[in-house]
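Peer 1: This is the content of model-v6.json (JSON, C-alpha atoms and all ligand atoms):
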[["chain", "number", "residue", "atom", "x", "y", "z"],
["A", 24, "MET", "CA", -5.93, 61.21, 28.01],
["A", 25, "LYS", "CA", -4.91, 58.01, 26.32],
["A", 26, "ARG", "CA", -2.56, 55.93, 28.44],
["A", 27, "GLU", "CA", -0.89, 52.62, 27.61],
["A", 28, "PHE", "CA", 0.77, 51.09, 30.62],
["A", 29, "SER", "CA", 1.94, 47.95, 28.85],
["A", 30, "LYS", "CA", 4.79, 49.52, 26.89],
["A", 31, "ASN", "CA", 5.06, 53.23, 26.84],
["A", 32, "LYS", "CA", 3.38, 56.22, 28.26],
["A", 33, "VAL", "CA", 1.62, 57.77, 25.32],
["A", 34, "VAL", "CA", 1.23, 61.48, 25.60],
["A", 35, "ASN", "CA", -1.14, 63.32, 23.33],
["A", 36, "CYS", "CA", -1.19, 66.93, 24.27],
["A", 37, "HIS", "CA", -0.39, 70.48, 23.37],
["A", 38, "LYS", "CA", 1.45, 71.24, 20.21],
["A", 39, "GLY", "CA", 3.40, 74.45, 19.95],
["A", 40, "PRO", "CA", 2.93, 77.32, 22.38],
["A", 41, "GLN", "CA", -0.39, 76.95, 24.18],
["A", 42, "PHE", "CA", -2.44, 79.82, 25.54],
["A", 43, "ALA", "CA", -3.35, 79.13, 29.18],
["A", 44, "PHE", "CA", -5.14, 82.13, 30.69],
["A", 45, "GLU", "CA", -5.30, 85.88, 31.01],
["A", 46, "LEU", "CA", -4.12, 87.69, 34.10],
["A", 47, "GLY", "CA", -5.12, 91.32, 33.87],
["A", 48, "LYS", "CA", -3.89, 92.35, 30.44],
["A", 49, "ALA", "CA", -1.16, 89.76, 30.40],
["A", 50, "ARG", "CA", -1.80, 86.78, 28.16],
["A", 51, "ILE", "CA", -0.10, 83.79, 29.78],
["A", 52, "TRP", "CA", 1.17, 80.92, 27.64],
["A", 53, "GLY", "CA", 3.11, 77.72, 28.25],
["A", 54, "SER", "CA", 5.44, 75.93, 25.88],
["A", 55, "ARG", "CA", 8.30, 73.59, 25.19],
["A", 56, "ALA", "CA", 11.57, 75.40, 24.59],
["A", 57, "VAL", "CA", 12.00, 73.97, 21.10],
["A", 58, "ASP", "CA", 8.68, 75.44, 19.96],
["A", 59, "LEU", "CA", 9.80, 79.01, 20.57],
["A", 60, "SER", "CA", 11.73, 79.79, 17.44],
["A", 61, "ASN", "CA", 10.02, 83.11, 16.83],
["A", 62, "LEU", "CA", 11.03, 85.32, 19.71],
["A", 63, "SER", "CA", 9.23, 88.34, 18.31],
["A", 64, "ASP", "CA", 5.93, 86.73, 19.35],
["A", 65, "TRP", "CA", 6.71, 87.46, 22.98],
["A", 66, "ASP", "CA", 6.87, 90.48, 25.21],
["A", 67, "LEU", "CA", 8.22, 88.51, 28.15],
["A", 68, "MET", "CA", 9.79, 85.06, 28.23],
["A", 69, "ILE", "CA", 10.22, 83.13, 31.48],
["A", 70, "PRO", "CA", 12.48, 80.11, 30.91],
["A", 71, "LEU", "CA", 12.31, 77.52, 33.71],
["A", 72, "LEU", "CA", 15.43, 75.59, 32.85],
["A", 73, "ASP", "CA", 18.35, 73.89, 34.52],
["A", 74, "LEU", "CA", 20.86, 76.54, 33.60],
["A", 75, "GLU", "CA", 23.73, 74.05, 33.91],
["A", 76, "TYR", "CA", 22.31, 71.00, 32.11],
["A", 77, "ASP", "CA", 19.42, 71.94, 29.84],
["A", 78, "THR", "CA", 20.95, 72.29, 26.44],
["A", 79, "TYR", "CA", 18.26, 74.22, 24.69],
["A", 80, "MET", "CA", 17.72, 77.92, 25.10],
["A", 81, "PRO", "CA", 16.08, 79.90, 22.30],
["A", 82, "LYS", "CA", 18.69, 81.92, 20.50],
["A", 83, "ASN", "CA", 18.13, 85.60, 20.10],
["A", 84, "PRO", "CA", 18.96, 86.47, 16.48],
["A", 85, "LEU", "CA", 19.26, 90.20, 17.04],
["A", 86, "ARG", "CA", 20.57, 91.92, 20.11],
["A", 87, "PRO", "CA", 20.48, 95.66, 19.54],
["A", 88, "ASN", "CA", 22.32, 97.66, 22.15],
["A", 89, "GLN", "CA", 20.70, 100.54, 24.00],
["A", 90, "GLU", "CA", 21.85, 103.03, 21.39],
["A", 91, "ALA", "CA", 20.09, 101.07, 18.65],
["A", 92, "ILE", "CA", 16.95, 100.74, 20.74],
["A", 93, "ASP", "CA", 16.92, 104.52, 21.18],
["A", 94, "LEU", "CA", 17.69, 105.12, 17.51],
["A", 95, "PHE", "CA", 15.15, 102.87, 15.82],
["A", 96, "PRO", "CA", 11.35, 103.01, 16.04],
["A", 97, "SER", "CA", 10.30, 100.75, 18.88],
["A", 98, "HIS", "CA", 8.62, 98.15, 16.68],
["A", 99, "ILE", "CA", 11.91, 97.56, 14.89],
["A", 100, "ALA", "CA", 14.27, 97.72, 17.81],
["A", 101, "LYS", "CA", 12.15, 95.76, 20.24],
["A", 102, "SER", "CA", 10.49, 93.22, 18.00],
["A", 103, "PHE", "CA", 13.24, 90.65, 18.44],
["A", 104, "VAL", "CA", 14.13, 91.44, 22.00],
["A", 105, "PRO", "CA", 11.58, 90.17, 24.48],
["A", 106, "ALA", "CA", 12.38, 90.66, 28.12],
["A", 107, "ILE", "CA", 13.73, 87.40, 29.56],
["A", 108, "LEU", "CA", 13.49, 86.36, 33.19],
["A", 109, "ALA", "CA", 15.50, 83.13, 33.50],
["A", 110, "ILE", "CA", 14.82, 80.90, 36.49],
["A", 111, "ASP", "CA", 17.22, 78.10, 37.42],
["A", 112, "TRP", "CA", 14.98, 75.07, 37.82],
["A", 113, "PRO", "CA", 16.14, 71.44, 37.37],
["A", 114, "ASP", "CA", 13.92, 68.92, 35.59],
["A", 115, "MET", "CA", 11.34, 67.17, 37.83],
["A", 116, "GLU", "CA", 12.29, 69.51, 40.65],
["A", 117, "VAL", "CA", 11.21, 72.78, 42.23],
["A", 118, "PRO", "CA", 12.99, 76.15, 42.28],
["A", 119, "TYR", "CA", 14.47, 77.97, 45.26],
["A", 120, "LEU", "CA", 11.78, 80.63, 45.16],
["A", 121, "SER", "CA", 9.69, 81.73, 48.12],
["A", 122, "ARG", "CA", 5.99, 82.45, 48.33],
["A", 123, "ASP", "CA", 6.84, 86.18, 48.47],
["A", 124, "TRP", "CA", 8.69, 85.93, 45.16],
["A", 125, "TRP", "CA", 5.68, 84.36, 43.45],
["A", 126, "VAL", "CA", 3.29, 86.88, 44.99],
["A", 127, "ASP", "CA", 5.45, 89.69, 43.64],
["A", 128, "LEU", "CA", 5.65, 88.08, 40.20],
["A", 129, "VAL", "CA", 1.86, 87.71, 40.02],
["A", 130, "GLU", "CA", 1.39, 91.33, 41.08],
["A", 131, "PHE", "CA", 3.82, 92.36, 38.32],
["A", 132, "LEU", "CA", 2.03, 90.25, 35.70],
["A", 133, "GLN", "CA", -1.37, 91.66, 36.69],
["A", 134, "ASN", "CA", -0.03, 95.05, 35.58],
["A", 135, "PHE", "CA", 1.81, 93.81, 32.50],
["A", 136, "GLU", "CA", 0.33, 94.06, 29.03],
["A", 137, "GLY", "CA", 1.37, 91.54, 26.41],
["A", 138, "ASN", "CA", 2.21, 87.93, 25.69],
["A", 139, "VAL", "CA", 4.10, 86.11, 28.42],
["A", 140, "VAL", "CA", 5.41, 82.59, 27.90],
["A", 141, "PHE", "CA", 6.59, 80.22, 30.62],
["A", 142, "PHE", "CA", 8.57, 77.33, 29.18],
["A", 143, "CYS", "CA", 10.77, 74.35, 30.02],
["A", 144, "MET", "CA", 12.02, 71.38, 28.01],
["A", 145, "GLY", "CA", 8.75, 69.44, 27.78],
["A", 146, "GLY", "CA", 6.31, 72.19, 28.76],
["A", 147, "HIS", "CA", 4.74, 69.99, 31.46],
["A", 148, "GLY", "CA", 6.45, 69.64, 34.86],
["A", 149, "ARG", "CA", 8.13, 72.96, 35.50],
["A", 150, "THR", "CA", 5.82, 74.96, 33.25],
["A", 151, "GLY", "CA", 2.71, 73.29, 34.71],
["A", 152, "THR", "CA", 3.94, 73.99, 38.23],
["A", 153, "ALA", "CA", 4.57, 77.66, 37.50],
["A", 154, "LEU", "CA", 1.27, 78.15, 35.68],
["A", 155, "THR", "CA", -0.69, 76.52, 38.51],
["A", 156, "ILE", "CA", 0.95, 78.80, 41.05],
["A", 157, "VAL", "CA", 0.41, 81.95, 39.00],
["A", 158, "ALA", "CA", -3.24, 81.13, 38.29],
["A", 159, "THR", "CA", -3.91, 80.32, 41.95],
["A", 160, "LEU", "CA", -2.19, 83.38, 43.41],
["A", 161, "GLY", "CA", -3.88, 85.43, 40.68],
["A", 162, "GLU", "CA", -7.21, 84.18, 42.08],
["A", 163, "LEU", "CA", -8.39, 82.72, 38.79],
["A", 164, "ILE", "CA", -9.46, 79.36, 40.26],
["A", 165, "PRO", "CA", -13.13, 78.96, 41.19],
["A", 166, "ASP", "CA", -13.48, 78.01, 44.87],
["A", 167, "VAL", "CA", -14.83, 74.56, 44.16],
["A", 168, "GLU", "CA", -12.10, 73.48, 41.76],
["A", 169, "CYS", "CA", -8.69, 71.91, 42.20],
["A", 170, "PRO", "CA", -6.17, 74.46, 40.85],
["A", 171, "LEU", "CA", -4.22, 71.79, 39.00],
["A", 172, "TYR", "CA", -7.37, 70.33, 37.44],
["A", 173, "TRP", "CA", -8.38, 73.81, 36.34],
["A", 174, "LEU", "CA", -4.95, 74.49, 34.87],
["A", 175, "ARG", "CA", -5.00, 71.21, 32.96],
["A", 176, "GLU", "CA", -8.34, 72.13, 31.43],
["A", 177, "GLN", "CA", -6.88, 75.45, 30.32],
["A", 178, "TYR", "CA", -3.43, 74.32, 29.27],
["A", 179, "CYS", "CA", -2.49, 70.64, 29.06],
["A", 180, "THR", "CA", -3.51, 67.42, 30.81],
["A", 181, "GLU", "CA", 0.13, 66.54, 31.50],
["A", 182, "ALA", "CA", 0.84, 69.69, 33.52],
["A", 183, "LEU", "CA", 2.81, 69.14, 36.76],
["A", 184, "GLU", "CA", 4.75, 65.89, 36.86],
["A", 185, "THR", "CA", 6.10, 65.06, 40.32],
["A", 186, "TYR", "CA", 5.03, 64.92, 43.95],
["A", 187, "ARG", "CA", 7.73, 67.41, 44.88],
["A", 188, "GLN", "CA", 6.14, 69.86, 42.43],
["A", 189, "PHE", "CA", 2.72, 68.99, 43.83],
["A", 190, "ASP", "CA", 3.88, 69.71, 47.41],
["A", 191, "TYR", "CA", 5.62, 72.89, 46.30],
["A", 192, "VAL", "CA", 2.44, 74.28, 44.71],
["A", 193, "GLU", "CA", 0.49, 73.53, 47.89],
["A", 194, "GLN", "CA", 3.16, 75.17, 50.02],
["A", 195, "ILE", "CA", 3.49, 78.32, 47.88],
["A", 196, "THR", "CA", -0.23, 78.83, 47.26],
["A", 197, "LYS", "CA", -1.45, 77.56, 50.66],
["A", 198, "THR", "CA", -4.09, 75.73, 48.62],
["A", 199, "GLN", "CA", -4.81, 72.02, 48.50],
["A", 200, "LEU", "CA", -4.53, 70.07, 45.24],
["A", 201, "TRP", "CA", -6.44, 66.88, 44.62],
["A", 202, "THR", "CA", -5.28, 66.02, 41.12],
["A", 203, "GLU", "CA", -2.32, 63.63, 40.77],
["A", 204, "PRO", "CA", 1.07, 64.53, 39.28],
["A", 205, "SER", "CA", 1.07, 63.31, 35.67],
["A", 206, "PHE", "CA", 4.40, 61.52, 35.56],
["A", 207, "GLU", "CA", 5.09, 60.08, 38.99],
["A", 208, "SER", "CA", 1.53, 58.84, 39.51],
["A", 209, "TRP", "CA", 1.75, 57.05, 36.17],
["A", 210, "TYR", "CA", 5.21, 55.70, 36.92],
["A", 211, "ALA", "CA", 4.13, 54.29, 40.29],
["A", 212, "ALA", "CA", 1.26, 52.40, 38.63],
["A", 213, "ALA", "CA", 3.21, 51.20, 35.60],
["A", 214, "PRO", "CA", 4.84, 47.76, 35.34],
["A", 215, "SER", "CA", 8.55, 47.69, 36.10],
["A", 216, "GLY", "CA", 10.70, 48.28, 33.06],
["A", 217, "ALA", "CA", 8.14, 50.59, 31.50],
["A", 218, "THR", "CA", 9.55, 53.42, 29.48],
["A", 219, "VAL", "CA", 8.25, 56.80, 28.52],
["A", 220, "SER", "CA", 7.89, 58.01, 24.99],
["A", 221, "TYR", "CA", 6.56, 61.10, 23.35],
["A", 222, "PRO", "CA", 5.37, 60.05, 19.90],
["A", 223, "ALA", "CA", 4.21, 62.37, 17.18],
["A", 224, "LYS", "CA", 1.33, 64.28, 18.66],
["A", 225, "THR", "CA", -2.13, 64.08, 17.22],
["A", 226, "GLN", "CA", -4.92, 66.58, 17.48],
["A", 227, "LYS", "CA", -7.61, 65.29, 19.78],
["A", 228, "LYS", "CA", -11.15, 65.30, 18.48],
["A", 229, "GLY", "CA", -13.47, 67.69, 20.17],
["A", 230, "LYS", "CA", -10.71, 69.66, 21.81],
["A", 231, "LYS", "CA", -11.21, 73.38, 21.61],
["A", 232, "LYS", "CA", -9.32, 74.99, 18.82],
["A", 233, "LYS", "CA", -5.95, 76.21, 19.93],
["A", 234, "GLN", "CA", -5.22, 79.86, 19.85],
["A", 235, "THR", "CA", -2.16, 80.80, 17.89],
["A", 236, "LEU", "CA", -0.22, 83.99, 17.84],
["A", 237, "LEU", "CA", -0.35, 84.20, 14.08],
["A", 238, "HIS", "CA", -4.02, 85.05, 14.04],
["A", 239, "GLN", "CA", -4.04, 87.92, 16.47],
["B", 301, "ZN", "ZN", 1.33, 68.93, 26.86]]
As structure tokens - that is how I would like this structure written.
Peer 2:
Amino acid sequence: MKREFSKNKVVNCHKGPQFAFELGKARIWGSRAVDLSNLSDWDLMIPLLDLEYDTYMPKNPLRPNQEAIDLFPSHIAKSFVPAILAIDWPDMEVPYLSRDWWVDLVEFLQNFEGNVVFFCMGGHGRTGTALTIVATLGELIPDVECPLYWLREQYCTEALETYRQFDYVEQITKTQLWTEPSFESWYAAAPSGATVSYPAKTQKKGKKKKQTLLHQ
């Protein structure tokens, strides 16, 4: 990860929806909201957004009613209507969801077949928090690894941004993390007056080729 503390935080990371891991037959992805223009790619969308303040929510171009869903072949009626489970979750914060809720969600996903995308505005803090929890409760993390480190290898090096999110993952998963939050740890070390920017992203050399939905 390239970092420049003198002026701006330079973030070079995932571009477009990024595949993170498989959980049973569910293929789990993370994304920024603005990268999700094609809703037909998804079987289940899990927006992690501040439902009062976040301005962007992917628009659903077609909303067939139940009669239409019954009338048309499923690939026509359902192709533009992924299931959506919206979670109210402010930026930099954590949701009001218990460990039991996450355990139930993971159990559901383990029996779900299809493409599932978790997303927030930047695809890092809230999405990284959720993906780390799901992967940990889904028992995908090797015993010797930090769950957040593992998730960053799979998904994006900027995943999980704040200490509140860090503490929340530890509390929900009952597992210790030893990888720093990406934003607050940078901010604490940066000179005062530093600002954050997200310039045009560049593909990092040597990084494994990203999986895209178009080629499946
Ligand atoms: Zn990223």
Peer 1: Kindly indicate which residue among A:Asp58, A:Glu90, A:Asp73, A:Glu45 lies nearest to Met115 (chain A), using all atoms listed in the file for the distances.
Peer 2: A:Asp73
Peer 1: Using all atoms listed in the file, which of A:Glu136, A:Glu181, A:Glu176, A:Asp111 sits nearest Ile69 (chain A)?
Peer 2: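 Among the listed residues, the smallest separation from Ile69 (chain A) belongs to A:Asp111.
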Peer 1: Counting all atoms listed in the file, which of A:Glu184, A:Glu203, A:Asp93, A:Glu193 gets nearest to ligand ZN 301 (chain B)?
Peer 2: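 The answer is A:Glu184, which sits nearest to ligand ZN 301 (chain B).
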Peer 1: Please report the interatomic distance between CA of Pro70 (chain A) and CA of Ala109 (chain A) in Å with one decimal.
Peer 2: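 Result for CA of Pro70 (chain A) versus CA of Ala109 (chain A): 5.0 Å, one decimal.
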Peer 1: Write out as an mmCIF file with C-alpha atoms, in the frame of the given file each polymer residue (protein, DNA or RNA) that has an atom no more than 8 Å from ligand ZN 301 (chain B), with only C-alpha atoms and all ligand atoms counted.
Peer 2:
data_model
loop_
_atom_site.group_PDB
_atom_site.id
_atom_site.type_symbol
_atom_site.label_atom_id
_atom_site.label_comp_id
_atom_site.auth_asym_id
_atom_site.auth_seq_id
_atom_site.Cartn_x
_atom_site.Cartn_y
_atom_site.Cartn_z
ATOM 1 C CA VAL A 34 1.230 61.480 25.600
ATOM 2 C CA ASN A 35 -1.140 63.320 23.330
ATOM 3 C CA CYS A 36 -1.190 66.930 24.270
ATOM 4 C CA HIS A 37 -0.390 70.480 23.370
ATOM 5 C CA LYS A 38 1.450 71.240 20.210
ATOM 6 C CA GLY A 145 8.750 69.440 27.780
ATOM 7 C CA GLY A 146 6.310 72.190 28.760
ATOM 8 C CA HIS A 147 4.740 69.990 31.460
ATOM 9 C CA TYR A 178 -3.430 74.320 29.270
ATOM 10 C CA CYS A 179 -2.490 70.640 29.060
ATOM 11 C CA THR A 180 -3.510 67.420 30.810
ATOM 12 C CA GLU A 181 0.130 66.540 31.500
ATOM 13 C CA ALA A 182 0.840 69.690 33.520
#
Peer 1: Which polymer residues have any atom within 9 Å of an atom of Gly161 (chain A), counting all atoms listed in the file, with same-chain residues fewer than 4 positions away left out, as a list in words?
Peer 2: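 Counting all atoms listed in the file, the residues come to Leu46, Val126, Val129, Glu130, Gln133, Ile156 and Val157 of chain A.
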Peer 1: Can you work out the spacing between CA of Pro204 (chain A) and CA of Pro118 (chain A) in Å, to one decimal?
Peer 2: 16.9 Å
Peer 1: At a cut-off of 9 Å, using only C-alpha atoms, what residues contact Glu116 (chain A)? Leave out same-chain residues fewer than 6 positions from it and give the result as an MDAnalysis selection string.
Peer 2: chainID A and resid 148:149 185 187:188
Peer 1: State, in Å with one decimal place, the distance from CA of Tyr186 (chain A) to CA of Glu207 (chain A).
Peer 2: 6.9 Å
Peer 1: I want to know what sits within 10 Å of Gly39 (chain A), based on all atoms listed in the file, with residues of the same chain fewer than 4 positions away left out; could you give that as an MDAnalysis selection string?
Peer 2: chainID A and resid 53:59 146 233 235
Peer 1: Let's have the selection written as a PDB file, in the frame of the given file, with C-alpha atoms.
Peer 2:
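Result file is result.pdb:
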ATOM      1  CA  GLY A  53       3.110  77.720  28.250  1.00  0.00           C
ATOM      2  CA  SER A  54       5.440  75.930  25.880  1.00  0.00           C
ATOM      3  CA  ARG A  55       8.300  73.590  25.190  1.00  0.00           C
ATOM      4  CA  ALA A  56      11.570  75.400  24.590  1.00  0.00           C
ATOM      5  CA  VAL A  57      12.000  73.970  21.100  1.00  0.00           C
ATOM      6  CA  ASP A  58       8.680  75.440  19.960  1.00  0.00           C
ATOM      7  CA  LEU A  59       9.800  79.010  20.570  1.00  0.00           C
ATOM      8  CA  GLY A 146       6.310  72.190  28.760  1.00  0.00           C
ATOM      9  CA  LYS A 233      -5.950  76.210  19.930  1.00  0.00           C
ATOM     10  CA  THR A 235      -2.160  80.800  17.890  1.00  0.00           C
TER      11      THR A 235
END
Peer 1: Skipping near chain neighbours, those fewer than 3 positions away, what residues fall within 7 Å of region 137-139 of chain A using all atoms listed in the file, listed as an NGL selection string?
Peer 2: :A and (48-52 or 65-68)
Peer 1: Kindly list the centre and edge lengths in Å, rounded to one decimal, for the axis-aligned box that covers all listed atoms of region 141-155 of chain A plus 3 Å on each of its six sides, as lines of an AutoDock Vina configuration file.
Peer 2:
center_x = 5.7
center_y = 74.8
center_z = 33.1
size_x = 18.7
size_y = 16.8
size_z = 16.7
Peer 1: Within 7 Å of (-4.2, 81.2, 45.7), in the coordinates the file gives, what residues turn up when you count only C-alpha atoms, written out as a list in words?
Peer 2: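 In the file's frame, the residues around the point are Thr159, Leu160, Gly161, Glu162, Thr196, Lys197 and Thr198 of chain A.
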Peer 1: For Gln177 (chain A), which residue among A:Leu120, A:Ala153, A:Ala43, A:Leu62 is the nearest when counting all atoms listed in the file?
Peer 2: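 Among A:Leu120, A:Ala153, A:Ala43, A:Leu62, it is A:Ala43 that comes nearest to Gln177 (chain A).
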Peer 1: Which polymer residues have any atom within 8 Å of an atom of Leu200 (chain A), counting all atoms listed in the file, with same-chain residues fewer than 4 positions away left out, as a short mmCIF file (atom, residue, chain, number, x, y, z; two decimals) with C-alpha atoms, in the coordinates of the input?
Peer 2:
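Result written to out33.cif:
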data_model
loop_
_atom_site.label_atom_id
_atom_site.label_comp_id
_atom_site.auth_asym_id
_atom_site.auth_seq_id
_atom_site.Cartn_x
_atom_site.Cartn_y
_atom_site.Cartn_z
CA CYS A 169 -8.69 71.91 42.20
CA PRO A 170 -6.17 74.46 40.85
CA LEU A 171 -4.22 71.79 39.00
CA PHE A 189 2.72 68.99 43.83
CA GLU A 193 0.49 73.53 47.89
#
